[in-house]
Structures are given as C-alpha cells and as structure tokens.
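In what follows, a structure is listed as structure tokens, so that the remarks can point back to it.
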Amino acid sequence: MLDIKLVRNNPEKIWEGMQKRGAEIPLDEFLKLEEARRQKLGLVEQLKNRRNIVSKEVGGRKARGEEATELIKEMQEEGRRIQELDQEIRLIEAKMQDILLVIPNIPHQSVPLGKDETENQVVKHRGEPPEFDFEPRSHEVIGEALGIMDFERAAKISGARFVIMKGWGAKLERALINLMLDLHTTKHGYTEVFPPFLSNRASMIGAGQLPKFEEDMFKCTNGDYYLIPTAEVPLTNMHREEILSNEALPLYYAAYTACFRGEAGSAGRDTRGIIRQHQFNKVELVKFTKPEDSYTEHEKLVTDAAAILEALELPYRISLLCSGDQGFAAAKCYDLEVWLPSFQTYREISSCSNFEDFQARRANIKYRPSVGAKPEFVHTINGSGLAVGRAVAAILENNQKEDGSVVVPRVLRPYLGVERLEG
C-alpha cells in the first residue's frame, strides 16, 4: 500500500507511476473523498471550538446564578452534530482505504518503461539450450511414459489441472525441495520455516493478495481462511503488527509449501502438463531489510535463487521486467526463466521482487532504527527459490534421452541414489 500522505499531497507522482504501468486507478474518486474529508474535518473543528466557547459561557452563567438552558441545548446539538460528522468521516476514510488497497506500487526509477513482457530486458544468460538428434518430448509425455506422472487419476480425484507424482516422480519432487532448502539454509543464510498452508484474510491483505486477486484464491467455506497461493503470504505476515529491532535486520526466511491458485484466464499450452496447476510445490525466499539496504539485498536474493538453476545445470536467463509487466505489489522485479525444449522458449521459474515498504504498510511491519527513534517501515523482498514443478519439467525435458530415460542432475544424485530415471 502506498503512503496515504503521498497520494493526498502528490497525486501527480501517483499518476506518473500508474501511466508507466498502464494501470487505471480511481484516483479522482480518492481525491474527491479527500476534499470531502477535509471539509468535514474543518466543520468539526469549528463546531468543537464553538462548543468550547459555549461550555465556558454556560459555566460562567451558572457561577453567576444565571439561566443557561438555551446555551446547554446549543452545546448538546453541536455535540450530536460532531458525532454525526465523525461517523461520516470514518465512512469516507474507509472508502479511501479501500481505494488505496487496489492501487499498485510505483515502479522504481531503474525499471525500464514498457507495456508488456515483450519489452522486458534480458540481463543475463547462463548455459545453452540442449541440441537433440531426435524429436524431444514434452515433460508430461516423458513423465507418463516413465510412469512417474498420472494426470488421469488426479483428474478422477480432484479435476483438471492436477497431477499425481509417483515413484521416482514423487522422489524427484522431494529431492528438489530438500536440495533447495539445504542450499538456501546452509549456503545463503536463510532460516527454514514450515508455516501453515491456510492464511486469514488479514494476512492475504497484508501480503497484497487481497482484494486485487480474490478471484484466483481458494477460500474455505467454514471460516475466514484461504489456501495460500505462495509461502510469501505466511512468511511476510510472521511479523505483521510488529516493531523489529535495528539489530534484527536483515531477516532471511526460506519455506517449502504447497501453493494453491485458481489460475483464472490461463489457456493453451500452459493447461497441459505441470507448468500451471491449481496445486504445486514451491520453495519461497523472503527478506525483511532496512530501506537503505533493500536493493542490495534484492540483487543478492536473485543470485540465491539462480544458484539452484546453476546447481541443476539448467540453461536459464534473467529478465528485468518492464513497468507494464510488473506484479501488483512490486517496485522492481526480475524473472528467472528456465529453458523448456517443448515450448522452444524460456519460461518463468522464479519472480524476485522488491516491494519496498508497500507490503509493510499493509501489514504494519516496522523497525526502530535506534533506541528511542520513531519506528519506520521495513522493506520486504521475496522470490521463488524455486518453483518445484517447473524445475521437474525442466529436468525431464533438458536431460531426456532418445530411449525415454532422463539423466539425473549430478547435484540430485546423492538425494535420489540413481543417475538415471528409466521406465
């Protein structure tokens, strides 16, 4: 959420930021509400001043033994009017808060201008796409042939866009989760967390998921719970409504969770296989930092996530997203994209975002720069480290052999105990 003072006092900056994003927001409505709020506040102040004057006059008359009935009635009427105006102001401020919750973050000055993903900037390439002397298969074809993926029975159990991973497929997912958590906790300094997979509405709002993305969420019917779309939600809200010490920052957290998304609007090739499902596994990285350190920490997080792809020896690239392709809450975002032969292109496997104080304002997460200092909002950063299903797809497709087997990346062999997956 943006600073309400910034929106009130510098709407031109908000308009400029939204034009860069290509976003339409109800800023005119917000400014009209703000003007009405100010007028009512001014009237309340006048009434309170008048009430104080009348109250003193009533006291004086009573002290002199004089009649004060009319003045008392006037004072009571002004009190009732003040209560009415206070209620009107609260309703206006609630409407303004609702508008603030749907205004996206302002892009950082280093973010390139652009309307969509075609104008993102590739900032790094690592590895070369493999060349095959046979027609490469897609990961779902490989998985079904190996007997490690079962889409038909998953559809029977749950519906479309689910998969059962079994045998070496289940072990491969588990091995990837362990590899990611081991590397991030032992090499990169993250603290492992195993959070709940259900979050309440306040947590979803705090992380920026609600109200913007409500149609993509799975909501429980018995209680104020949502299935989490990412571990970013519980990890960010671990410190909701807290004031952290200066010495505690930065905080690094890594978590494996299942993730649940409606994925409304997705179609075509993405609906086949395990690229875009309603339930998937992911390891998430979240940082809480001081504002002056957040962009350095953001770059480090990108490096941490990329280290998994390098360990798996998968070809990938890093793209800096343009202003029109950034996520709702991000001030700056990099996408890590892994090569998938069946798509003949790179596909996102991690988005690494710096939210600055956007989430912290929504979740009221602050830190105290020094003893006795006024608390300030922290900056939050997050990224996938990585999406497990997409890593499975990339391994199967990039490491496939003509006989249908798949070579296991060397870094995973100690976890799996085999060098090759065979039917």
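Every chain in the structure tokens has a letter given in the order shown (A, B, ...), and although residue numbers restart at 1 in each chain, ligands are simply numbered from 1 in the order shown.
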Test item: residues at most 10 Å from Val123 (chain A), only C-alpha atoms, excluding those fewer than 3 positions along its chain, as a list in words: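 Result of the neighbour search: Asn120, Arg317, Ile318, Ser319, Leu320 and Tyr334 of chain A.
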If we count only C-alpha atoms, what is near Ile177 (chain A) at a cut-off of 7 Å, once residues fewer than 2 positions away on the same chain are taken out, given as a PDB file with N, CA and C atoms, in the first residue's frame?
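So the final result, stored in out07.pdb, reads:
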```
ATOM      1  N   GLU A 173      10.514 -34.748  -6.764  1.00  0.00           N
ATOM      2  CA  GLU A 173       9.975 -33.526  -6.139  1.00  0.00           C
ATOM      3  C   GLU A 173      10.557 -33.334  -4.743  1.00  0.00           C
ATOM      4  N   ARG A 174      10.556 -34.425  -3.977  1.00  0.00           N
ATOM      5  CA  ARG A 174      11.078 -34.337  -2.605  1.00  0.00           C
ATOM      6  C   ARG A 174      12.564 -34.006  -2.601  1.00  0.00           C
ATOM      7  N   ALA A 175      13.310 -34.579  -3.535  1.00  0.00           N
ATOM      8  CA  ALA A 175      14.742 -34.304  -3.621  1.00  0.00           C
ATOM      9  C   ALA A 175      14.998 -32.837  -3.956  1.00  0.00           C
ATOM     10  N   LEU A 179      17.001 -30.211  -1.704  1.00  0.00           N
ATOM     11  CA  LEU A 179      18.164 -29.508  -2.257  1.00  0.00           C
ATOM     12  C   LEU A 179      18.022 -28.008  -2.089  1.00  0.00           C
ATOM     13  N   MET A 180      16.860 -27.478  -2.446  1.00  0.00           N
ATOM     14  CA  MET A 180      16.660 -26.027  -2.362  1.00  0.00           C
ATOM     15  C   MET A 180      16.777 -25.536  -0.928  1.00  0.00           C
ATOM     16  N   LEU A 181      16.108 -26.208  -0.014  1.00  0.00           N
ATOM     17  CA  LEU A 181      16.170 -25.782   1.392  1.00  0.00           C
ATOM     18  C   LEU A 181      17.580 -25.944   1.957  1.00  0.00           C
ATOM     19  N   TYR A 256       9.321 -24.210   2.360  1.00  0.00           N
ATOM     20  CA  TYR A 256       8.596 -25.034   1.399  1.00  0.00           C
ATOM     21  C   TYR A 256       7.129 -25.043   1.779  1.00  0.00           C
ATOM     22  N   VAL A 283       9.494 -23.567  -3.113  1.00  0.00           N
ATOM     23  CA  VAL A 283      10.320 -23.053  -2.018  1.00  0.00           C
ATOM     24  C   VAL A 283      10.410 -21.548  -2.200  1.00  0.00           C
ATOM     25  N   VAL A 388       8.975 -25.829  -7.741  1.00  0.00           N
ATOM     26  CA  VAL A 388       9.470 -27.204  -7.843  1.00  0.00           C
ATOM     27  C   VAL A 388       8.952 -27.901  -9.097  1.00  0.00           C
TER      28      VAL A 388
END
```
Option closest in space to Gln326 (chain A), from A:Gln279, A:Gln209, A:Asn105, A:Thr191 [counting only C-alpha atoms]: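 The answer is A:Asn105, which sits nearest to Gln326 (chain A).
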Shell of 9 Å around Gly79 (chain A), only C-alpha atoms, local chain residues under 5 positions omitted, as a ChimeraX atom specification: /A:47-48,51,74,84
As a CSV table (one decimal) with C-alpha atoms, in the first residue's frame, please: the residues near Gly22 (chain A) (cut-off 7 Å, only C-alpha atoms, same-chain neighbours under 2 positions excluded).
```
chain,number,residue,atom,x,y,z
A,18,MET,CA,0.4,4.4,-13.0
A,19,GLN,CA,1.0,5.7,-16.5
A,20,LYS,CA,4.3,3.8,-16.5
A,24,GLU,CA,-6.2,2.6,-14.4
A,115,LYS,CA,3.8,-2.1,-22.0
A,324,GLY,CA,3.9,-2.7,-17.7
```
Selection near region 134-138 of chain A, 8 Å with only C-alpha atoms, sequence-local residues under 4 positions removed, as a list in words: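 Listed by chain and then number, they are Ile142, Pro341, Ser342, Glu397, Gln400 and Glu402 of chain A.
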Within 6 Å of region 356-373 of chain A using only C-alpha atoms, minus same-chain residues under 3 positions, as a ChimeraX atom specification: /A:1-2,206-207,240-246,376-380
Among the residues A:Ser203, A:Leu101, A:Tyr316, A:Lys187, the one that comes closest to His125 (chain A) [using only C-alpha atoms]: A:Tyr316
Residue list (strand (DSSP E), DSSP) for region 255-422 of chain A, as a VMD selection string: chain A and resid 255 to 260 279 to 289 316 to 320 332 to 340 345 to 356 365 to 368 376 to 377 379 to 387 406 to 407 420 to 421
Selection: 12 Å around Arg90 (chain A), only C-alpha atoms, excl. self and same-chain fewer than 4 positions, as an MDAnalysis selection string: chainID A and resid 33:34 36:37 40:41 83:86 94:97
Alpha helix (DSSP H) call set, DSSP backbone run, region 142-224 of chain A, as an MDAnalysis selection string: chainID A and resid 142:146 151:157 168:186 201:206
Let me see the file: selected residues, N, CA and C atoms, as a compact mmCIF listing (two decimals), in the first residue's frame.
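Final output, saved to again37.txt:
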```
# COMPACT_ATOMS: atom_id res chain seq x y z
N ILE A 142 7.01 -37.44 -21.28
CA ILE A 142 8.11 -38.17 -20.63
C ILE A 142 7.63 -38.76 -19.31
N GLY A 143 6.95 -37.93 -18.50
CA GLY A 143 6.52 -38.36 -17.18
C GLY A 143 5.55 -39.52 -17.22
N GLU A 144 4.61 -39.48 -18.17
CA GLU A 144 3.65 -40.59 -18.27
C GLU A 144 4.32 -41.86 -18.78
N ALA A 145 5.27 -41.69 -19.74
CA ALA A 145 5.97 -42.86 -20.26
C ALA A 145 6.82 -43.53 -19.18
N LEU A 146 7.41 -42.72 -18.30
CA LEU A 146 8.22 -43.26 -17.20
C LEU A 146 7.37 -43.80 -16.06
N PHE A 151 -1.97 -38.09 -14.71
CA PHE A 151 -2.95 -37.00 -14.83
C PHE A 151 -4.38 -37.53 -14.79
N GLU A 152 -4.59 -38.71 -15.34
CA GLU A 152 -5.94 -39.26 -15.42
C GLU A 152 -6.51 -39.54 -14.03
N ARG A 153 -5.73 -40.19 -13.19
CA ARG A 153 -6.24 -40.50 -11.85
C ARG A 153 -6.34 -39.23 -10.99
N ALA A 154 -5.43 -38.27 -11.23
CA ALA A 154 -5.52 -36.99 -10.50
C ALA A 154 -6.81 -36.27 -10.86
N ALA A 155 -7.20 -36.34 -12.14
CA ALA A 155 -8.46 -35.72 -12.56
C ALA A 155 -9.64 -36.42 -11.92
N LYS A 156 -9.54 -37.75 -11.75
CA LYS A 156 -10.61 -38.50 -11.09
C LYS A 156 -10.75 -38.07 -9.63
N ILE A 157 -9.62 -37.85 -8.98
CA ILE A 157 -9.62 -37.48 -7.57
C ILE A 157 -10.07 -36.03 -7.38
N TRP A 168 9.53 -42.53 -8.79
CA TRP A 168 10.66 -41.62 -8.92
C TRP A 168 10.20 -40.17 -9.11
N GLY A 169 8.99 -39.96 -9.60
CA GLY A 169 8.47 -38.59 -9.73
C GLY A 169 8.28 -37.94 -8.38
N ALA A 170 7.66 -38.69 -7.44
CA ALA A 170 7.48 -38.16 -6.08
C ALA A 170 8.82 -37.95 -5.40
N LYS A 171 9.75 -38.89 -5.63
CA LYS A 171 11.08 -38.76 -5.02
C LYS A 171 11.84 -37.57 -5.61
N LEU A 172 11.65 -37.32 -6.90
CA LEU A 172 12.32 -36.19 -7.55
C LEU A 172 11.83 -34.87 -6.96
N GLU A 173 10.51 -34.75 -6.76
CA GLU A 173 9.97 -33.53 -6.14
C GLU A 173 10.56 -33.33 -4.74
N ARG A 174 10.56 -34.43 -3.98
CA ARG A 174 11.08 -34.34 -2.61
C ARG A 174 12.56 -34.01 -2.60
N ALA A 175 13.31 -34.58 -3.53
CA ALA A 175 14.74 -34.30 -3.62
C ALA A 175 15.00 -32.84 -3.96
N LEU A 176 14.21 -32.29 -4.86
CA LEU A 176 14.38 -30.88 -5.23
C LEU A 176 14.06 -29.96 -4.06
N ILE A 177 13.00 -30.27 -3.32
CA ILE A 177 12.66 -29.46 -2.15
C ILE A 177 13.80 -29.48 -1.15
N ASN A 178 14.34 -30.67 -0.88
CA ASN A 178 15.44 -30.79 0.08
C ASN A 178 16.69 -30.07 -0.41
N LEU A 179 17.00 -30.21 -1.70
CA LEU A 179 18.16 -29.51 -2.26
C LEU A 179 18.02 -28.01 -2.09
N MET A 180 16.86 -27.48 -2.45
CA MET A 180 16.66 -26.03 -2.36
C MET A 180 16.78 -25.54 -0.93
N LEU A 181 16.11 -26.21 -0.01
CA LEU A 181 16.17 -25.78 1.39
C LEU A 181 17.58 -25.94 1.96
N ASP A 182 18.24 -27.03 1.62
CA ASP A 182 19.61 -27.25 2.11
C ASP A 182 20.55 -26.15 1.62
N LEU A 183 20.46 -25.82 0.34
CA LEU A 183 21.36 -24.81 -0.21
C LEU A 183 21.08 -23.43 0.37
N HIS A 184 19.79 -23.08 0.48
CA HIS A 184 19.45 -21.75 0.98
C HIS A 184 19.77 -21.58 2.47
N THR A 185 19.64 -22.66 3.23
CA THR A 185 19.88 -22.54 4.67
C THR A 185 21.36 -22.70 5.04
N THR A 186 22.09 -23.53 4.30
CA THR A 186 23.50 -23.76 4.67
C THR A 186 24.46 -22.84 3.94
N ARG A 201 -7.80 -13.62 6.22
CA ARG A 201 -7.95 -12.51 5.27
C ARG A 201 -6.96 -11.38 5.54
N ALA A 202 -6.73 -11.08 6.82
CA ALA A 202 -5.79 -10.01 7.16
C ALA A 202 -4.40 -10.31 6.61
N SER A 203 -3.98 -11.57 6.66
CA SER A 203 -2.67 -11.94 6.13
C SER A 203 -2.64 -11.81 4.61
N MET A 204 -3.72 -12.19 3.95
CA MET A 204 -3.79 -12.08 2.50
C MET A 204 -3.75 -10.61 2.06
N ILE A 205 -4.42 -9.75 2.83
CA ILE A 205 -4.37 -8.31 2.53
C ILE A 205 -2.97 -7.77 2.77
N GLY A 206 -2.35 -8.20 3.88
CA GLY A 206 -1.02 -7.72 4.22
C GLY A 206 0.02 -8.02 3.16
```
One-decimal distance in Å that lies between CA of Ile72 (chain A) and CA of Val58 (chain A):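 So the two atoms, CA of Val58 (chain A) and CA of Ile72 (chain A), lie 6.9 Å apart.
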Of the listed residues A:Gly65, A:Pro195, A:Gly42, A:Gly147, that which approaches Tyr253 (chain A) most closely, counting only C-alpha atoms: A:Pro195
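Nearest residue to Gly423 (chain A) among A:Pro130, A:Gly273, A:Gly404, A:Gly385 is A:Gly404, counting only C-alpha atoms.
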CA of Val406 (chain A) to CA of Leu421 (chain A), distance in Å rounded to a single decimal: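 Taking CA of Val406 (chain A) as the start and CA of Leu421 (chain A) as the end point, the length is 5.1 Å.
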